[in-house]
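Shown here: data_15.txt, compact mmCIF, C-alpha atoms.
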# COMPACT_ATOMS: atom_id res chain seq x y z
CA MET D 1 -5.77 -25.39 -13.47
CA THR D 2 -8.29 -23.13 -11.74
CA ARG D 3 -8.07 -20.60 -8.93
CA ARG D 4 -9.43 -23.32 -6.62
CA HIS D 5 -6.26 -25.40 -7.09
CA ILE D 6 -4.11 -22.34 -6.41
CA MET D 7 -6.08 -21.47 -3.27
CA PHE D 8 -5.66 -25.04 -2.01
CA ALA D 9 -1.94 -24.91 -2.82
CA ALA D 10 -1.58 -21.68 -0.81
CA CYS D 11 -3.42 -23.20 2.17
CA ALA D 12 -1.42 -26.44 1.90
CA LEU D 13 1.91 -24.57 1.87
CA LEU D 14 0.78 -22.59 4.91
CA ALA D 15 -0.28 -25.76 6.72
CA ALA D 16 3.03 -27.49 5.92
CA MET D 17 5.02 -24.52 7.21
CA LEU D 18 2.99 -24.40 10.42
CA ALA D 19 3.30 -28.14 10.98
CA LEU D 20 7.09 -28.03 10.57
CA ASP D 21 7.35 -25.01 12.85
CA LEU D 22 5.12 -26.54 15.52
CA ARG D 23 7.40 -29.57 15.56
CA ALA D 24 10.56 -27.47 15.83
CA SER D 25 9.29 -24.69 18.14
CA PRO D 26 6.10 -25.65 19.98
CA PRO D 27 4.46 -22.69 21.72
CA ASN D 28 4.20 -22.65 25.48
CA PRO D 29 0.83 -21.31 26.67
CA TYR D 30 2.24 -20.90 30.20
CA ASN D 31 4.55 -18.18 28.86
CA ALA D 32 1.71 -16.33 27.14
CA PRO D 33 1.50 -12.58 27.70
CA ALA D 34 -1.62 -10.79 28.95
CA MET D 35 -4.47 -10.84 26.45
CA LEU D 36 -4.09 -7.13 25.68
CA ALA D 37 -0.81 -5.24 25.47
CA LEU D 38 -2.64 -2.04 26.42
CA GLY D 39 -2.92 -2.03 30.19
CA SER D 40 -0.54 -4.97 30.64
CA GLY D 41 2.29 -2.88 32.03
CA ALA D 42 4.71 -4.82 29.83
CA ALA D 43 6.93 -3.36 27.12
CA PRO D 44 6.23 -4.47 23.52
CA VAL D 45 8.68 -7.21 22.50
CA GLY D 46 7.42 -8.33 19.10
CA GLY D 47 9.43 -8.16 15.90
CA PHE D 48 8.32 -5.49 13.46
CA CYS D 49 9.07 -4.16 9.97
CA GLY D 50 10.26 -0.79 11.24
CA ALA D 51 13.30 0.30 13.19
CA PRO D 52 12.72 0.97 16.87
CA ALA D 53 14.85 3.80 18.25
CA GLY D 54 18.10 2.54 19.73
CA LEU D 55 18.60 -0.35 17.33
CA SER D 56 20.89 0.32 14.40
CA GLY D 57 19.35 -1.14 11.31
CA SER D 58 16.75 -3.49 12.67
CA MET V 1 -47.59 -25.55 6.15
CA SER V 2 -43.95 -25.42 5.28
CA SER V 3 -42.15 -24.16 2.22
CA THR V 4 -38.68 -24.95 0.94
CA VAL V 5 -36.39 -22.96 -1.30
CA ALA V 6 -34.42 -25.03 -3.78
CA ILE V 7 -30.70 -24.38 -3.82
CA PRO V 8 -29.02 -24.94 -7.19
CA ALA V 9 -26.68 -27.94 -7.19
CA THR V 10 -23.60 -25.82 -7.97
CA GLU V 11 -24.39 -23.46 -5.10
CA ALA V 12 -24.88 -26.40 -2.72
CA ARG V 13 -21.55 -27.89 -3.84
CA ARG V 14 -19.80 -24.53 -3.30
CA ARG V 15 -21.23 -24.19 0.21
CA LEU V 16 -20.25 -27.76 1.04
CA GLY V 17 -16.76 -27.18 -0.33
CA ALA V 18 -16.30 -24.10 1.86
CA LEU V 19 -17.32 -25.94 5.04
CA PRO V 20 -13.92 -27.60 5.74
CA LEU V 21 -12.21 -24.22 5.48
CA THR V 22 -14.69 -22.67 7.92
CA LEU V 23 -14.11 -25.53 10.38
CA LEU V 24 -10.34 -25.18 9.88
CA LEU V 25 -10.48 -21.47 10.68
CA VAL V 26 -12.52 -22.00 13.83
CA ALA V 27 -10.20 -24.82 14.96
CA GLY V 28 -7.15 -22.71 14.14
CA LEU V 29 -8.39 -19.77 16.18
CA ALA V 30 -9.32 -21.97 19.15
CA GLY V 31 -6.08 -23.96 18.93
CA THR V 32 -3.91 -20.85 18.77
CA ALA V 33 -5.68 -19.26 21.74
CA LEU V 34 -5.46 -22.50 23.73
CA PHE V 35 -1.95 -23.69 22.90
CA ALA V 36 -0.13 -20.38 22.30
CA GLY V 37 -2.15 -17.87 24.32
CA ALA V 38 -5.30 -15.76 24.17
CA ARG V 39 -3.42 -12.73 22.80
CA PHE V 40 -2.11 -14.73 19.86
CA GLY V 41 -5.56 -16.16 19.12
CA LEU V 42 -6.90 -12.63 19.12
CA VAL V 43 -4.17 -11.40 16.75
CA LEU V 44 -4.94 -14.29 14.39
CA ALA V 45 -8.62 -13.26 14.50
CA LEU V 46 -7.59 -9.70 13.61
CA GLY V 47 -5.56 -11.08 10.70
CA LEU V 48 -8.60 -13.00 9.50
CA GLY V 49 -10.52 -9.76 9.72
CA PHE V 50 -7.91 -8.00 7.56
CA GLY V 51 -8.21 -10.78 4.96
CA LEU V 52 -12.01 -10.76 5.00
CA VAL V 53 -12.16 -6.98 4.58
CA LEU V 54 -9.41 -6.66 1.97
CA GLU V 55 -10.75 -9.49 -0.22
CA GLY V 56 -14.45 -9.17 0.61
CA LEU V 57 -14.62 -5.43 -0.06
CA ARG V 58 -11.88 -5.44 -2.72
CA PHE V 59 -9.75 -2.90 -0.89
CA GLY V 60 -6.12 -2.65 -1.88
CA PHE V 61 -3.15 -0.40 -2.41
CA ALA V 62 -1.57 -1.27 -5.79
CA GLY V 63 -4.87 -1.14 -7.72
CA PRO V 64 -5.98 2.31 -6.50
CA TRP V 65 -2.54 3.76 -7.19
CA ARG V 66 -2.74 2.33 -10.70
CA ALA V 67 -6.24 3.82 -11.09
CA MET V 68 -4.93 7.24 -10.07
CA ILE V 69 -1.87 7.12 -12.32
CA GLU V 70 -3.61 5.71 -15.40
CA ARG V 71 -7.18 7.03 -15.12
CA ARG V 72 -6.84 9.82 -12.55
CA ASP V 73 -9.44 8.01 -10.41
CA PRO V 74 -8.68 8.96 -6.79
CA GLY V 75 -11.42 6.96 -4.98
CA GLY V 76 -9.20 4.16 -3.68
CA ILE V 77 -6.44 6.50 -2.53
CA LEU V 78 -8.97 8.70 -0.75
CA ALA V 79 -10.22 5.60 1.07
CA GLN V 80 -6.63 4.74 2.07
CA LEU V 81 -6.08 8.28 3.39
CA LEU V 82 -9.35 8.17 5.33
CA SER V 83 -8.45 4.84 6.89
CA ILE V 84 -4.98 6.08 7.90
CA ALA V 85 -6.51 9.24 9.40
CA LEU V 86 -8.97 7.20 11.48
CA VAL V 87 -6.15 5.07 12.87
CA ALA V 88 -3.97 8.11 13.55
CA ALA V 89 -6.78 9.82 15.47
CA VAL V 90 -6.79 6.96 17.97
CA ALA V 91 -3.25 5.58 17.75
CA LEU V 92 -1.28 8.79 18.28
CA PRO V 93 -3.07 9.71 21.55
CA LEU V 94 -2.73 6.09 22.72
CA LEU V 95 0.99 6.04 21.92
CA ALA V 96 1.47 9.33 23.77
CA THR V 97 -0.44 8.10 26.82
CA TYR V 98 0.99 4.58 27.02
CA PRO V 99 4.58 4.85 25.70
CA ASP V 100 5.75 1.93 27.83
CA GLU V 101 3.17 -0.52 26.50
CA LEU V 102 2.68 0.47 22.87
CA ILE V 103 5.13 1.22 20.08
CA GLY V 104 4.64 2.88 16.68
CA ALA V 105 5.93 1.83 13.26
CA GLN V 106 9.15 3.77 13.33
CA GLY V 107 11.60 3.76 10.42
CA ARG V 108 14.79 5.56 9.51
CA ILE V 109 14.76 7.87 6.51
CA GLY V 110 17.84 7.20 4.43
CA TRP V 111 19.16 6.46 0.95
CA ALA V 112 18.40 2.76 1.12
CA MET V 113 14.96 3.41 2.60
CA ILE V 114 14.03 5.81 -0.20
CA GLY V 115 15.49 3.58 -2.92
CA GLY V 116 13.81 0.54 -1.39
CA ALA V 117 10.40 2.23 -1.38
CA PHE V 118 10.83 3.35 -5.01
CA VAL V 119 11.76 -0.16 -6.16
CA PHE V 120 8.94 -1.67 -4.08
CA GLY V 121 6.45 0.67 -5.77
CA ALA V 122 7.67 -0.45 -9.20
CA ALA V 123 7.62 -4.16 -8.36
CA MET V 124 4.17 -4.02 -6.76
CA GLN V 125 2.72 -2.67 -10.01
CA ILE V 126 4.38 -5.44 -12.03
CA VAL V 127 2.60 -8.14 -10.02
CA LEU V 128 -0.31 -5.87 -9.03
CA GLY V 129 0.15 -6.82 -5.42
CA CYS V 130 1.78 -5.04 -2.52
CA GLY V 131 2.63 -6.68 0.84
CA SER V 132 -0.95 -7.27 1.94
CA GLY V 133 -2.09 -7.67 -1.67
CA THR V 134 0.30 -10.55 -2.36
CA LEU V 135 -0.98 -12.43 0.71
CA VAL V 136 -4.65 -11.78 -0.04
CA ASN V 137 -4.25 -12.58 -3.73
CA ALA V 138 -2.43 -15.85 -2.99
CA GLY V 139 -5.19 -16.83 -0.58
CA SER V 140 -7.91 -16.09 -3.12
CA GLY V 141 -6.33 -18.23 -5.84
CA ASN V 142 -4.16 -15.79 -7.80
CA ALA V 143 -1.34 -17.79 -9.42
CA VAL V 144 0.96 -14.78 -9.93
CA ALA V 145 0.76 -13.96 -6.20
CA LEU V 146 1.43 -17.59 -5.23
CA VAL V 147 4.57 -17.57 -7.39
CA ALA V 148 5.68 -14.21 -5.94
CA LEU V 149 4.98 -15.00 -2.26
CA PRO V 150 7.75 -17.54 -1.48
CA LEU V 151 10.30 -15.31 -3.22
CA PHE V 152 8.91 -12.33 -1.28
CA CYS V 153 9.82 -14.24 1.90
CA VAL V 154 13.33 -15.06 0.62
CA GLY V 155 13.85 -11.45 -0.50
CA SER V 156 12.81 -10.17 2.90
CA LEU V 157 15.34 -12.52 4.56
CA LEU V 158 18.15 -11.40 2.22
CA GLY V 159 17.21 -7.76 2.83
CA SER V 160 17.33 -8.28 6.59
CA ILE V 161 20.82 -9.81 6.34
CA HIS V 162 22.08 -6.85 4.27
CA LEU V 163 20.06 -4.18 6.12
CA ASN V 164 22.82 -2.82 8.30
CA TRP V 165 25.16 -2.38 5.32
CA TRP V 166 22.50 -0.50 3.38
CA THR V 167 21.49 1.64 6.35
CA GLU V 168 25.11 2.63 6.95
CA LEU V 169 25.07 4.36 3.55
CA GLY V 170 23.26 7.14 5.36
CA ALA V 171 20.12 7.23 7.47
CA LEU V 172 18.57 9.58 9.99
CA PRO V 173 17.35 8.33 13.34
CA PRO V 174 13.57 7.70 13.45
CA ILE V 175 11.63 10.98 13.32
CA VAL V 176 8.22 10.71 14.94
CA LEU V 177 5.32 13.18 14.93
CA SER V 178 3.88 12.59 18.38
CA GLY V 179 1.25 13.92 20.74
CA GLY V 180 -1.42 16.48 19.88
CA ALA V 181 0.85 18.47 17.56
CA GLY V 182 1.88 15.28 15.77
CA LEU V 183 -1.75 14.27 15.30
CA GLY V 184 -2.62 17.73 13.99
CA LEU V 185 0.26 17.67 11.52
CA THR V 186 -0.55 14.13 10.38
CA LEU V 187 -4.25 14.88 9.80
CA ALA V 188 -3.39 18.15 8.03
CA ALA V 189 -0.90 16.38 5.75
CA LEU V 190 -3.42 13.61 4.95
CA ALA V 191 -6.03 16.26 4.13
CA ALA V 192 -3.54 18.10 1.92
CA VAL V 193 -2.79 14.92 -0.06
CA ALA V 194 -6.55 14.28 -0.37
CA VAL V 195 -7.06 17.80 -1.75
CA LEU V 196 -4.18 17.29 -4.19
CA VAL V 197 -5.47 13.98 -5.59
CA VAL V 198 -9.01 15.38 -5.86
CA ALA V 199 -7.64 18.41 -7.74
CA LEU V 200 -5.78 16.09 -10.13
CA ALA V 201 -8.74 13.72 -10.55
CA ALA V 202 -10.67 13.22 -13.78
CA PRO V 203 -14.18 14.69 -13.79
CA GLY V 204 -16.82 12.39 -12.31
CA THR V 205 -14.36 10.34 -10.23
CA ARG V 206 -14.10 12.52 -7.13
CA ARG V 207 -15.78 10.19 -4.66
CA ILE V 208 -15.12 7.14 -2.52
CA GLN V 209 -17.19 4.11 -3.48
CA ARG V 210 -19.40 2.83 -0.68
CA HIS V 211 -17.60 -0.53 -0.34
CA HIS V 212 -14.24 1.24 -0.10
CA LEU V 213 -15.64 3.59 2.53
CA LEU V 214 -16.82 0.63 4.59
CA ALA V 215 -13.49 -1.12 4.12
CA ALA V 216 -11.57 1.99 5.21
CA VAL V 217 -13.52 2.16 8.47
CA LEU V 218 -13.32 -1.59 9.16
CA LEU V 219 -9.58 -1.71 8.41
CA ALA V 220 -9.02 1.23 10.75
CA GLY V 221 -10.88 -0.61 13.52
CA LEU V 222 -8.81 -3.75 12.96
CA ALA V 223 -5.54 -1.78 12.83
CA ILE V 224 -6.36 -0.05 16.12
CA GLY V 225 -7.24 -3.46 17.54
CA ASN V 226 -3.85 -4.76 16.38
CA LEU V 227 -2.10 -1.94 18.25
CA VAL V 228 -4.11 -2.46 21.43
CA VAL V 229 -3.76 -6.25 21.46
CA ALA V 230 -0.21 -6.72 20.15
CA GLY V 231 1.28 -3.47 21.42
CA GLN V 232 2.60 -2.74 17.93
CA PRO V 233 1.01 -1.68 14.64
CA TRP V 234 -0.12 -3.86 11.76
CA GLY V 235 2.82 -5.07 9.66
CA VAL V 236 3.55 -7.67 6.98
CA VAL V 237 7.20 -7.85 5.90
CA TYR V 238 8.76 -8.90 9.19
CA GLY V 239 6.68 -12.07 9.32
CA LEU V 240 7.54 -13.05 5.75
CA GLY V 241 11.26 -12.62 6.42
CA LEU V 242 10.87 -14.65 9.60
CA TRP V 243 9.28 -17.53 7.68
CA ALA V 244 12.25 -17.65 5.28
CA ALA V 245 14.72 -17.28 8.17
CA LYS V 246 13.14 -20.22 9.98
CA GLY V 247 13.32 -22.24 6.77
CA ALA V 248 17.00 -21.34 6.34
CA VAL V 249 17.78 -22.35 9.94
CA ALA V 250 15.91 -25.63 9.45
CA LEU V 251 18.13 -26.29 6.42
CA GLY V 252 21.25 -25.71 8.52
CA ALA V 253 21.97 -21.99 8.03
CA ASP V 254 23.50 -20.07 10.93
CA LEU V 255 22.04 -16.57 11.21
CA SER V 256 23.78 -15.69 14.47
CA GLY V 257 26.34 -13.66 12.51
CA SER V 258 23.62 -11.42 11.08
CA GLY V 259 23.30 -8.13 12.93
CA PHE V 260 19.58 -8.19 12.30
CA TRP V 261 18.86 -11.72 13.50
CA ALA V 262 21.32 -11.47 16.40
CA ALA V 263 19.37 -8.50 17.86
CA PRO V 264 17.63 -9.74 21.03
CA ILE V 265 14.03 -9.30 19.83
CA ASN V 266 14.70 -10.92 16.45
CA ALA V 267 16.77 -13.76 17.93
CA ALA V 268 13.92 -14.54 20.35
CA THR V 269 11.35 -14.44 17.54
CA LEU V 270 13.50 -16.76 15.43
CA LYS V 271 13.64 -19.31 18.24
CA GLY V 272 9.96 -19.01 19.12
CA SER V 273 6.87 -20.37 17.44
CA ILE V 274 5.38 -18.65 14.40
CA LEU V 275 2.16 -18.69 16.38
CA THR V 276 3.69 -16.18 18.82
CA ASP V 277 4.85 -13.71 16.16
CA TYR V 278 2.28 -10.97 15.57
CA THR V 279 3.07 -10.17 11.94
CA SER V 280 3.11 -13.88 11.08
CA LEU V 281 -0.30 -14.33 12.67
CA THR V 282 -1.89 -11.43 10.79
CA ASN V 283 -0.22 -12.64 7.56
CA ILE V 284 -1.66 -16.14 8.05
CA GLY V 285 -5.02 -14.62 8.87
CA MET V 286 -4.99 -12.52 5.70
CA ILE V 287 -4.30 -15.54 3.48
CA LEU V 288 -7.00 -17.64 5.14
CA GLY V 289 -9.53 -14.80 5.36
CA ALA V 290 -9.13 -14.15 1.64
CA ALA V 291 -9.43 -17.89 0.93
CA TRP V 292 -12.67 -18.02 2.93
CA ILE V 293 -14.15 -15.11 0.97
CA ALA V 294 -13.08 -16.64 -2.35
CA SER V 295 -14.61 -19.99 -1.42
CA HIS V 296 -17.93 -18.27 -0.67
CA ARG V 297 -17.95 -16.05 -3.77
CA ALA V 298 -19.91 -17.67 -6.58
CA GLY V 299 -17.74 -18.64 -9.54
CA SER V 300 -14.62 -17.03 -8.13
CA LEU V 301 -12.57 -20.20 -7.77
CA ASP V 302 -13.74 -21.77 -11.03
CA GLN V 303 -11.85 -19.22 -13.13
CA PRO V 304 -8.77 -20.61 -14.88
CA ALA V 305 -5.25 -19.55 -13.93
CA PRO V 306 -3.88 -16.83 -16.24
CA ARG V 307 -1.98 -17.90 -19.34
CA LEU V 308 1.19 -15.84 -19.17
CA PRO V 309 4.31 -16.22 -21.30
CA LEU V 310 7.35 -17.71 -19.54
CA ARG V 311 8.86 -14.25 -19.03
CA GLY V 312 5.65 -13.28 -17.20
CA TRP V 313 6.15 -16.06 -14.65
CA VAL V 314 9.85 -15.20 -14.35
CA ALA V 315 8.89 -11.56 -13.83
CA ALA V 316 6.40 -12.58 -11.13
CA ALA V 317 9.06 -14.58 -9.29
CA LEU V 318 11.72 -11.87 -9.59
CA SER V 319 9.22 -9.19 -8.55
CA GLY V 320 8.42 -11.22 -5.44
CA LEU V 321 12.13 -11.36 -4.59
CA VAL V 322 12.49 -7.62 -5.18
CA LEU V 323 9.34 -6.83 -3.16
CA GLY V 324 10.74 -8.67 -0.16
CA TYR V 325 14.25 -7.24 -0.39
CA SER V 326 13.21 -3.65 -1.06
CA SER V 327 10.51 -3.54 1.62
CA ARG V 328 13.04 -4.72 4.20
CA LEU V 329 15.38 -1.86 3.25
CA ALA V 330 12.42 0.56 3.26
CA PHE V 331 11.41 -0.40 6.84
CA GLY V 332 8.11 -1.82 5.68
CA CYS V 333 5.72 -2.16 2.79
CA ASN V 334 2.43 -0.41 2.10
CA VAL V 335 1.18 -1.71 5.46
CA GLY V 336 4.13 -1.40 7.86
CA ALA V 337 5.58 1.80 6.38
CA LEU V 338 2.76 3.61 4.56
CA TYR V 339 -0.36 2.70 6.53
CA SER V 340 1.02 2.04 10.01
CA GLY V 341 4.01 4.38 9.64
CA ILE V 342 1.94 7.46 8.84
CA ALA V 343 -0.83 6.48 11.28
CA THR V 344 1.65 6.25 14.16
CA GLY V 345 3.50 9.44 13.27
CA SER V 346 6.66 8.08 11.62
CA LEU V 347 7.99 10.53 9.05
CA HIS V 348 9.44 7.65 7.06
CA GLY V 349 5.87 6.68 6.14
CA TRP V 350 5.46 9.93 4.20
CA VAL V 351 8.80 9.57 2.43
CA TRP V 352 7.87 5.96 1.62
CA PHE V 353 4.57 7.17 0.13
CA ALA V 354 6.27 9.67 -2.23
CA ALA V 355 9.05 7.28 -3.30
CA ALA V 356 6.78 4.26 -3.80
CA PHE V 357 4.24 6.30 -5.78
CA ALA V 358 7.00 7.47 -8.13
CA GLY V 359 8.17 3.86 -8.42
CA SER V 360 4.62 2.77 -9.23
CA ALA V 361 4.55 5.05 -12.27
CA LEU V 362 7.67 3.27 -13.54
CA GLY V 363 6.29 -0.19 -12.65
CA LEU V 364 3.16 0.38 -14.74
CA ARG V 365 5.36 1.12 -17.75
CA LEU V 366 7.36 -2.05 -17.10
CA ARG V 367 4.28 -4.32 -16.82
CA PRO V 368 3.73 -5.01 -20.54
CA TRP V 369 7.49 -5.38 -21.06
CA ALA V 370 7.56 -7.95 -18.25
CA GLY V 371 4.94 -10.02 -20.03
CA MET V 372 2.24 -9.40 -17.42
CA GLU V 373 -0.31 -8.04 -19.92
CA GLY V 374 -0.75 -7.29 -23.61
CA LYS V 375 1.02 -4.33 -25.10
CA ARG V 376 -0.89 -1.10 -24.66
Mind converting the file's structure to structure tokens?
Amino acid sequence: MTRRHIMFAACALLAAMLALDLRASPPNPYNAPAMLALGSGAAPVGGFCGAPAGLSGS
Amino acid sequence: MSSTVAIPATEARRRLGALPLTLLLVAGLAGTALFAGARFGLVLALGLGFGLVLEGLRFGFAGPWRAMIERRDPGGILAQLLSIALVAAVALPLLATYPDELIGAQGRIGWAMIGGAFVFGAAMQIVLGCGSGTLVNAGSGNAVALVALPLFCVGSLLGSIHLNWWTELGALPPIVLSGGAGLGLTLAALAAVAVLVVALAAPGTRRIQRHHLLAAVLLAGLAIGNLVVAGQPWGVVYGLGLWAAKGAVALGADLSGSGFWAAPINAATLKGSILTDYTSLTNIGMILGAAWIASHRAGSLDQPAPRLPLRGWVAAALSGLVLGYSSRLAFGCNVGALYSGIATGSLHGWVWFAAAFAGSALGLRLRPWAGMEGKR
């Protein structure tokens, strides 16, 4: 087995995960936010690794 | 009169083999922008950029720390510090000016956070891959990283479920160095660490290699872009935990009882598409960007997978699990806590740095024992 097989396996796993997720939770482009958060006037709502102030452990 | 340059058959085959991946990347970017939204297409492009830079210019976190600990070679760490300083110089003023639109990588300093960072540092040296490194290595055909990655996701999910319990052992609220004073303190602290590692360096190693210098600047540009486009800094761990959480839900698990996944932002992310989660998009981009570089690098993908003893593969899998779990407790990995945490003024980034570096020294001692390399 070479690194090529492993690279293809990584890409295939990624593709499978995306395909399953697209079937279960298709995105809705009509709900898309402004292209840039900066200047949008909207509060950031994405999940992140850290712990925003006000949330206990999350 | 025309002239032609003959391309060796192997080179032609390699270029032809890389073409489907190039087309896939272009289609993926266009499809994401079209069917999810322009912002998400842009974040995926930034993720690809991270992957291209990290793999193309061989910039990492675990390797340079190993070089400093084992050979007292500070070049890679100096490049990391430079990159963080460049981001901080732009990000901290932006965060102070637009607090309603942008958010930093805040974390809570506590017992679990410190312990998590220490354990993460040890585990990342066992597999020689941190958060970003595991993604980039898996994309470029590294078998150890591909074994570690799925367990990294599972570990991150388990850590998120147990996070509140661990945090209740004792944690301070987020402490953030903000505004002009925060920027001054952050740059001064980065300079102090740079002076320290240079003072400890072996003779003849006190410089940043040109490719690392370029990578530091490019990564800083991409990280600032991530903040401007997504409204939040570059991160890794959240997306990996989300992938495992979505898998668990698909298999029938109910995460509504988890304090972490019941929080409004996380519950919404769990219900939404992966293509609308910023950290997932940059993670996907890093894997594919690294794969693209590997497919264009002569001979790179023809190398055989490493021949490790069984305990080496078991160690890779367990290290992946530990990386995911510990980084969730530590409020991020080398990207979300160290790089983005320090660059956006979070004090937990500095504590993470010290704890993970100490853990790395232990991890390097454990590597031969774990079967990851010959005895030294």
(Q) Rounded to one decimal, what separation in Å do you get between CA of Gly46 (chain D) and CA of Leu25 (chain V)? (A) 23.7 Å
Q.
Which residues are close to Cys49 (chain D), i.e. within 6 Å by only C-alpha atoms, leaving aside same-chain residues fewer than 3 positions away? Reply as a ChimeraX atom specification.
A. /V:237-238,331-332
Listing only residues of chain D within 7 Å of chain V, what is the closest atom pair and its distance in Å (to one decimal) for each, using all atoms listed in the file, sorted by chain and residue number ascending, as a Markdown table?
| residue | atom | partner | partner_atom | distance |
| --- | --- | --- | --- | --- |
| D:Met1 | CA | V:Pro304 | CA | 5.8 |
| D:Thr2 | CA | V:Pro304 | CA | 4.1 |
| D:Arg3 | CA | V:Gly141 | CA | 4.3 |
| D:Arg4 | CA | V:Leu301 | CA | 4.6 |
| D:Ile6 | CA | V:Gly141 | CA | 4.7 |
| D:Met7 | CA | V:Gly141 | CA | 4.1 |
| D:Ala10 | CA | V:Gly139 | CA | 6.1 |
| D:Asp21 | CA | V:Ser273 | CA | 6.5 |
| D:Leu22 | CA | V:Ser273 | CA | 6.7 |
| D:Ser25 | CA | V:Ser273 | CA | 5.0 |
| D:Pro26 | CA | V:Ser273 | CA | 5.9 |
| D:Pro27 | CA | V:Ala36 | CA | 5.2 |
| D:Asn28 | CA | V:Ala36 | CA | 5.8 |
| D:Pro29 | CA | V:Ala36 | CA | 4.6 |
| D:Ala32 | CA | V:Gly37 | CA | 5.0 |
| D:Pro33 | CA | V:Arg39 | CA | 6.9 |
| D:Ala34 | CA | V:Arg39 | CA | 6.7 |
| D:Met35 | CA | V:Arg39 | CA | 4.2 |
| D:Leu36 | CA | V:Val229 | CA | 4.3 |
| D:Ala37 | CA | V:Gly231 | CA | 4.9 |
| D:Leu38 | CA | V:Val228 | CA | 5.2 |
| D:Gly41 | CA | V:Glu101 | CA | 6.1 |
| D:Ala42 | CA | V:Glu101 | CA | 5.7 |
| D:Ala43 | CA | V:Glu101 | CA | 4.8 |
| D:Pro44 | CA | V:Gly231 | CA | 5.5 |
| D:Val45 | CA | V:Ile265 | CA | 6.3 |
| D:Gly46 | CA | V:Asp277 | CA | 6.6 |
| D:Gly47 | CA | V:Asn266 | CA | 6.0 |
| D:Phe48 | CA | V:Tyr238 | CA | 5.5 |
| D:Cys49 | CA | V:Tyr238 | CA | 4.8 |
| D:Gly50 | CA | V:Phe331 | CA | 4.6 |
| D:Ala51 | CA | V:Gly107 | CA | 4.7 |
| D:Pro52 | CA | V:Gln106 | CA | 5.8 |
| D:Ala53 | CA | V:Pro174 | CA | 6.3 |
| D:Gly57 | CA | V:Asn164 | CA | 4.9 |
| D:Ser58 | CA | V:Phe260 | CA | 5.5 |
Q: Rank V:Met124, V:Val198, V:Ala181, V:Val53 by their smallest atom-to-atom distance to Val322 (chain V), using all atoms listed in the file, and report the top residue only.
A: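 Nearest to Val322 (chain V): V:Met124.
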Q | V:Ala220, V:Val249, V:Cys130, V:Ala89 ranked by distance to Ala24 (chain D), top pick (using all atoms listed in the file) | A | V:Val249
(Q) Can you measure CA of Pro64 (chain V) to CA of Cys153 (chain V) for me? One decimal in Å is fine. (A) 24.4 Å
Q) Could you work out how far CA of Gly110 (chain V) lies from CA of Gly170 (chain V), giving the answer in Å with one decimal? A)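 If I compute the distance from CA of Gly170 (chain V) to CA of Gly110 (chain V), I get 5.5 Å.
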(Q) Could you check the closest approach to Val136 (chain V) for each of V:Tyr339, V:Phe61, V:Trp350, V:Trp369 and tell me which residue wins, using all atoms listed in the file? (A)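 That would be V:Phe61, the residue with the smallest distance to Val136 (chain V).
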